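With mmCIF, C-alpha atoms inside, this is start-v3.cif:
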data_upload
#
loop_
_atom_site.label_atom_id
_atom_site.label_comp_id
_atom_site.auth_asym_id
_atom_site.auth_seq_id
_atom_site.Cartn_x
_atom_site.Cartn_y
_atom_site.Cartn_z
CA MET A 1 -25.91 15.61 -9.13
CA LYS A 2 -25.30 11.89 -9.23
CA ASN A 3 -26.00 10.01 -5.99
CA ASP A 4 -24.50 6.52 -6.18
CA THR A 5 -25.86 3.70 -4.12
CA PRO A 6 -23.48 2.35 -1.42
CA GLU A 7 -22.70 -0.63 -3.68
CA GLU A 8 -21.67 1.63 -6.58
CA LEU A 9 -19.88 4.36 -4.65
CA ASN A 10 -16.11 4.39 -4.40
CA PRO A 11 -15.64 6.85 -1.53
CA ASP A 12 -11.96 7.59 -2.20
CA LYS A 13 -12.56 8.33 -5.88
CA GLU A 14 -15.64 10.39 -5.10
CA ILE A 15 -13.84 12.51 -2.50
CA GLY A 16 -10.88 12.90 -4.84
CA ARG A 17 -13.19 14.05 -7.63
CA LEU A 18 -14.86 16.60 -5.36
CA ILE A 19 -11.52 17.96 -4.17
CA ASP A 20 -10.30 18.31 -7.76
CA GLU A 21 -13.45 20.16 -8.74
CA VAL A 22 -13.18 22.54 -5.82
CA MET A 23 -9.47 23.22 -6.43
CA SER A 24 -9.64 23.56 -10.20
CA SER A 25 -12.91 25.43 -10.70
CA SER A 26 -14.15 28.92 -10.06
CA LEU A 27 -17.23 28.11 -8.02
CA THR A 28 -19.97 30.25 -6.64
CA ASP A 29 -20.56 30.08 -2.89
CA GLU A 30 -23.63 27.93 -3.53
CA GLN A 31 -21.75 25.51 -5.78
CA TYR A 32 -18.99 25.20 -3.18
CA ARG A 33 -21.54 24.57 -0.43
CA LYS A 34 -23.21 21.80 -2.45
CA LYS A 35 -19.91 20.07 -3.19
CA MET A 36 -18.89 20.20 0.47
CA GLN A 37 -22.31 18.88 1.41
CA ARG A 38 -21.79 15.99 -0.99
CA ARG A 39 -18.34 15.35 0.46
CA LYS A 40 -19.84 15.21 3.96
CA GLU A 41 -22.43 12.69 2.76
CA VAL A 42 -19.71 10.46 1.33
CA GLN A 43 -17.56 10.78 4.45
CA ASP A 44 -20.52 9.98 6.71
CA LEU A 45 -21.22 6.89 4.60
CA ARG A 46 -17.61 5.74 4.95
CA ILE A 47 -17.77 6.11 8.72
CA ALA A 48 -21.12 4.32 8.95
CA GLN A 49 -19.72 1.35 7.00
CA ALA A 50 -16.44 1.19 8.92
CA VAL A 51 -15.53 -1.59 11.34
CA PRO A 52 -15.84 -0.15 14.87
CA GLU A 53 -12.62 -1.62 16.27
CA LYS A 54 -9.69 -3.78 15.18
CA GLY A 55 -6.25 -4.33 16.63
CA LEU A 56 -3.79 -3.03 14.04
CA ILE A 57 -0.33 -4.04 12.91
CA ILE A 58 1.36 -0.73 12.14
CA VAL A 59 4.68 -0.32 10.31
CA ASN A 60 6.67 2.94 10.24
CA THR A 61 9.55 2.57 7.79
CA GLY A 62 11.58 4.50 5.22
CA ASN A 63 14.81 6.48 5.22
CA GLY A 64 13.33 9.68 6.62
CA LYS A 65 13.26 10.77 10.23
CA GLY A 66 10.22 10.46 12.46
CA LYS A 67 9.43 6.74 12.54
CA THR A 68 9.89 6.31 16.29
CA THR A 69 8.56 9.81 16.99
CA ALA A 70 5.29 9.02 15.23
CA ALA A 71 5.00 5.76 17.15
CA LEU A 72 5.57 7.54 20.45
CA GLY A 73 2.68 9.84 19.61
CA MET A 74 0.43 6.78 19.53
CA VAL A 75 1.96 5.66 22.83
CA LEU A 76 1.01 9.00 24.40
CA ARG A 77 -2.54 8.75 23.09
CA SER A 78 -2.89 5.25 24.53
CA LEU A 79 -1.57 6.40 27.90
CA GLY A 80 -4.02 9.29 27.82
CA HIS A 81 -6.86 6.79 27.41
CA GLY A 82 -5.60 4.84 30.41
CA TYR A 83 -4.32 1.87 28.41
CA LYS A 84 -1.25 -0.19 29.31
CA VAL A 85 1.64 0.04 26.87
CA ALA A 86 4.91 -1.84 26.37
CA ILE A 87 7.95 -0.50 24.51
CA ILE A 88 10.83 -2.75 23.48
CA GLN A 89 13.81 -1.08 21.81
CA PHE A 90 15.82 -3.47 19.64
CA ILE A 91 18.84 -1.43 18.58
CA LYS A 92 18.91 1.53 20.93
CA GLY A 93 20.02 0.94 24.47
CA SER A 94 23.69 1.80 24.75
CA TRP A 95 22.55 5.11 26.24
CA GLU A 96 19.70 5.91 28.61
CA PRO A 97 16.93 7.12 26.24
CA SER A 98 15.19 10.34 27.22
CA GLU A 99 11.86 8.75 26.32
CA LYS A 100 12.32 6.26 29.14
CA ARG A 101 12.74 9.07 31.67
CA VAL A 102 9.64 10.87 30.42
CA PHE A 103 7.48 7.76 30.44
CA SER A 104 8.49 7.01 34.03
CA TYR A 105 5.68 9.40 35.00
CA TRP A 106 3.26 6.70 33.77
CA GLU A 107 5.09 3.85 35.45
CA ASP A 108 1.82 2.17 36.43
CA GLN A 109 0.76 1.99 32.75
CA ILE A 110 3.96 1.44 30.83
CA GLU A 111 6.74 -1.13 30.59
CA PHE A 112 9.92 0.09 28.85
CA HIS A 113 12.79 -2.21 27.84
CA ALA A 114 15.84 -0.83 26.00
CA MET A 115 17.44 -4.14 25.02
CA GLY A 116 19.97 -3.24 22.34
CA GLU A 117 23.54 -2.12 22.78
CA GLY A 118 23.71 0.51 20.07
CA PHE A 119 24.02 0.56 16.32
CA THR A 120 25.77 -2.31 14.56
CA TRP A 121 28.85 -0.23 13.71
CA GLU A 122 29.24 0.47 17.42
CA THR A 123 28.82 -3.06 18.78
CA GLN A 124 30.96 -4.72 16.07
CA ASP A 125 29.94 -8.14 17.39
CA ARG A 126 27.39 -9.97 15.22
CA ASP A 127 26.94 -12.91 17.56
CA ARG A 128 26.18 -10.59 20.47
CA ASP A 129 23.81 -8.56 18.29
CA LEU A 130 22.00 -11.78 17.37
CA ASP A 131 21.68 -12.76 21.02
CA LYS A 132 20.38 -9.31 21.99
CA ALA A 133 17.83 -9.30 19.17
CA SER A 134 16.63 -12.78 20.11
CA ALA A 135 16.23 -11.75 23.76
CA ALA A 136 14.36 -8.61 22.75
CA TRP A 137 12.00 -10.67 20.57
CA GLU A 138 11.29 -13.11 23.38
CA LYS A 139 10.45 -10.18 25.64
CA SER A 140 8.25 -8.73 22.88
CA LEU A 141 6.30 -11.97 22.60
CA GLU A 142 5.41 -11.78 26.30
CA TYR A 143 3.67 -8.44 25.74
CA ILE A 144 2.20 -9.33 22.35
CA ARG A 145 0.43 -12.30 23.93
CA ASN A 146 -0.55 -10.48 27.13
CA PRO A 147 -4.16 -9.22 26.84
CA ASP A 148 -3.59 -6.60 29.53
CA PHE A 149 -1.44 -4.50 27.18
CA HIS A 150 -3.36 -2.49 24.60
CA LEU A 151 -0.35 -1.29 22.57
CA VAL A 152 3.12 -2.76 22.00
CA LEU A 153 5.87 -0.75 20.30
CA LEU A 154 8.74 -2.74 18.79
CA ASP A 155 11.18 0.06 18.14
CA GLU A 156 13.81 -0.52 15.41
CA ILE A 157 12.77 -4.15 14.97
CA ASN A 158 12.79 -3.58 11.21
CA ILE A 159 16.54 -3.00 11.42
CA ALA A 160 16.93 -6.34 13.20
CA LEU A 161 14.90 -7.98 10.42
CA LYS A 162 16.88 -6.22 7.70
CA MET A 163 20.17 -7.37 9.27
CA ALA A 164 18.81 -10.95 9.51
CA TYR A 165 19.09 -10.94 13.30
CA LEU A 166 15.52 -12.25 13.39
CA PRO A 167 13.67 -14.43 10.83
CA VAL A 168 10.72 -12.51 9.44
CA GLU A 169 8.70 -15.75 9.56
CA ASP A 170 9.12 -15.87 13.35
CA VAL A 171 7.94 -12.28 13.72
CA LEU A 172 4.89 -12.86 11.53
CA ALA A 173 4.04 -15.98 13.51
CA GLY A 174 4.37 -14.02 16.75
CA LEU A 175 2.13 -11.23 15.50
CA ALA A 176 -0.52 -13.83 14.68
CA GLN A 177 -0.69 -14.63 18.41
CA LYS A 178 -1.79 -11.17 19.51
CA PRO A 179 -5.30 -10.67 20.90
CA ALA A 180 -7.73 -9.32 18.33
CA ASN A 181 -7.93 -5.81 19.84
CA LYS A 182 -4.19 -5.29 20.45
CA HIS A 183 -2.15 -2.80 18.40
CA VAL A 184 1.49 -3.52 17.55
CA ILE A 185 3.81 -0.91 16.02
CA LEU A 186 7.04 -1.94 14.28
CA THR A 187 9.50 0.81 13.40
CA GLY A 188 12.76 1.11 11.51
CA ARG A 189 13.95 1.47 7.95
CA GLY A 190 14.00 -1.47 5.55
CA ALA A 191 10.81 -3.22 6.63
CA PRO A 192 10.62 -6.52 4.70
CA ALA A 193 7.97 -6.98 2.03
CA ALA A 194 6.28 -9.83 3.92
CA LEU A 195 5.76 -7.60 6.95
CA ILE A 196 4.43 -4.75 4.83
CA GLU A 197 2.00 -7.17 3.20
CA ARG A 198 0.77 -8.37 6.60
CA ALA A 199 0.42 -4.91 8.16
CA ASP A 200 -2.82 -2.94 8.38
CA LEU A 201 -1.17 0.49 8.32
CA VAL A 202 2.16 1.28 6.66
CA THR A 203 3.81 4.69 6.55
CA GLU A 204 7.06 5.32 4.68
CA MET A 205 9.05 8.33 5.85
CA THR A 206 10.76 9.87 2.82
CA LEU A 207 14.08 11.64 3.29
CA VAL A 208 14.14 15.04 1.57
CA LYS A 209 16.70 16.95 3.66
CA HIS A 210 18.69 15.92 6.72
CA PRO A 211 20.81 18.24 8.90
CA PHE A 212 23.58 15.66 9.44
CA ARG A 213 23.85 14.63 5.80
CA ASP A 214 23.42 18.10 4.32
CA GLN A 215 24.99 20.36 6.97
CA GLY A 216 27.05 18.11 9.23
CA VAL A 217 24.88 18.86 12.28
CA LYS A 218 25.21 16.24 15.03
CA ALA A 219 22.25 14.59 16.77
CA GLN A 220 20.73 17.03 19.26
CA PRO A 221 18.86 16.54 22.55
CA GLY A 222 15.14 16.94 22.13
CA ILE A 223 15.33 16.24 18.38
CA GLU A 224 17.14 12.93 17.90
CA TYR A 225 17.30 11.74 21.51
#

Step by step, read the file and then write its structure as structure tokens.
Amino acid sequence: MKNDTPEELNPDKEIGRLIDEVMSSSLTDEQYRKKMQRRKEVQDLRIAQAVPEKGLIIVNTGNGKGKTTAALGMVLRSLGHGYKVAIIQFIKGSWEPSEKRVFSYWEDQIEFHAMGEGFTWETQDRDRDLDKASAAWEKSLEYIRNPDFHLVLLDEINIALKMAYLPVEDVLAGLAQKPANKHVILTGRGAPAALIERADLVTEMTLVKHPFRDQGVKAQPGIEY
């Protein structure tokens, strides 16, 4: 069995090769054990070479559901570790979000600002939408710069960028001001290419089926809000 040096080894390709061999071959128990042992060696090497900590810029985008939901999972993890978190909602806000009520139980750790007035087809006032987005971004900058907050969630900011309510250059410049260990999550469909390029972690939610589009099912409590 070939054992590459750390300089020669491509961990992703090696793990992919091992998975393919396990899935496509009829292996004896001993052969399977050796391949899994090799995979563990490669994975241990990856972990040993990894940077111990870095504040991440995280983008959840795409047309599928779950962008905010995934971000809120990270919020819960941060709260569980005792970290302080800030959430700024850019588009939502015309109703009292259920998330805000839930997170009130961690009121000593979390700041929650729903600063939009609803979706653009509801507000029907571009100038007011621009003003609201600008105010939400100024509030975001306060938390991005504040070293006391470990995680900042900018919910639906990608929509504001897509609608040109905020210049992407301003957002990138603001993200550059965050402390080195701070995480910032930006959600919403249509994330601009410049933001995707700058981000450390990007996930695109792909729409396969949707109950409203395919069955005419309205948004439901506990699922959409």

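Near A:Ala71, within 8 Å and counting only C-alpha atoms, sit A:Asn60, A:Lys67, A:Thr68, A:Met74, A:Val75, A:Leu153, A:Ile185, A:Thr187; same-chain residues fewer than 3 positions away were not included.
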
Residue selection dump (C-alpha atoms) as an mmCIF file, in the coordinates of the input:
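What follows is the written file selection-v7.cif:
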data_model
loop_
_atom_site.group_PDB
_atom_site.id
_atom_site.type_symbol
_atom_site.label_atom_id
_atom_site.label_comp_id
_atom_site.auth_asym_id
_atom_site.auth_seq_id
_atom_site.Cartn_x
_atom_site.Cartn_y
_atom_site.Cartn_z
ATOM 1 C CA ASN A 60 6.670 2.940 10.240
ATOM 2 C CA LYS A 67 9.430 6.740 12.540
ATOM 3 C CA THR A 68 9.890 6.310 16.290
ATOM 4 C CA MET A 74 0.430 6.780 19.530
ATOM 5 C CA VAL A 75 1.960 5.660 22.830
ATOM 6 C CA LEU A 153 5.870 -0.750 20.300
ATOM 7 C CA ILE A 185 3.810 -0.910 16.020
ATOM 8 C CA THR A 187 9.500 0.810 13.400
#

TODO: Using the chain letters and residue numbers of this document, give as a ChimeraX atom specification the residues selected by the PyMOL selection byres ((chain A and resi 65) around 10).
DONE: /A:61-64,66-70,188-189,204-210,224

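Nearest residue to A:Phe112 among A:Ile223, A:Ser78, A:Val152, A:Glu138 is A:Val152, counting all atoms listed in the file.
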
Open item on the list: Could you check the closest approach to A:Asn10 for each of A:Ile157, A:Glu142, A:His183, A:Leu45 and tell me which residue wins, using only C-alpha atoms?
Closed with: A:Leu45

Given the point (12.6, -3.1, 7.7) in the coordinates of this file, which residues lie within 6 Å, counting only C-alpha atoms, and how would they look as a PDB file with C-alpha atoms, in the coordinates of the input?
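Done, and the output landed in selection00.pdb:
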ATOM      1  CA  ASN A 158      12.790  -3.580  11.210  1.00  0.00           C
ATOM      2  CA  ILE A 159      16.540  -3.000  11.420  1.00  0.00           C
ATOM      3  CA  LYS A 162      16.880  -6.220   7.700  1.00  0.00           C
ATOM      4  CA  GLY A 188      12.760   1.110  11.510  1.00  0.00           C
ATOM      5  CA  ARG A 189      13.950   1.470   7.950  1.00  0.00           C
ATOM      6  CA  GLY A 190      14.000  -1.470   5.550  1.00  0.00           C
ATOM      7  CA  ALA A 191      10.810  -3.220   6.630  1.00  0.00           C
ATOM      8  CA  PRO A 192      10.620  -6.520   4.700  1.00  0.00           C
TER       9      PRO A 192
END

Open item on the list: Taking the file as I've supplied it (selection: the PyMOL selection byres ((chain A and resi 86) around 12)), which residues are included? Please answer as number ranges by chain.
Closed with: A: 71-72, 74-76, 78-79, 83-85, 87-89, 100, 103, 106-114, 139-155, 182-185

Open item on the list: Please expand the PyMOL selection byres ((chain A and resi 38) around 10) into the concrete residues it hits in this file, giving the result as a PyMOL selection string.
Closed with: chain A and resi 1-3+14-15+18+32-37+39-44

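If you look at atom CA of A:Ile58 and atom CA of A:Val202, they are 5.9 Å away from each other.
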
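In this model, the gap between atom CA of A:Pro52 and atom CA of A:Gly73 comes to 21.6 Å.
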
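The interatomic distance for the pair atom CA of A:Val59 and atom CA of A:Leu186 works out to 4.9 Å.
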
- [ ] Using only C-alpha atoms, determine which residues lie at most 7 Å from stretch 127-136 of chain A, disregarding the query and same-chain residues fewer than 4 positions distant; provide the list as an MDAnalysis selection string.
- [x] chainID A and resid 88 90 115:116 140 160 165:166

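Distance check against A:Arg126 using all atoms listed in the file: of A:Met163, A:Tyr105, A:Glu30, A:Glu99, the minimum falls on A:Met163.
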
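Distances from A:Ser98, A:Gln215, A:Asn181, A:Gln220 to A:Glu53 were compared using only C-alpha atoms, and the smallest one belongs to A:Asn181.
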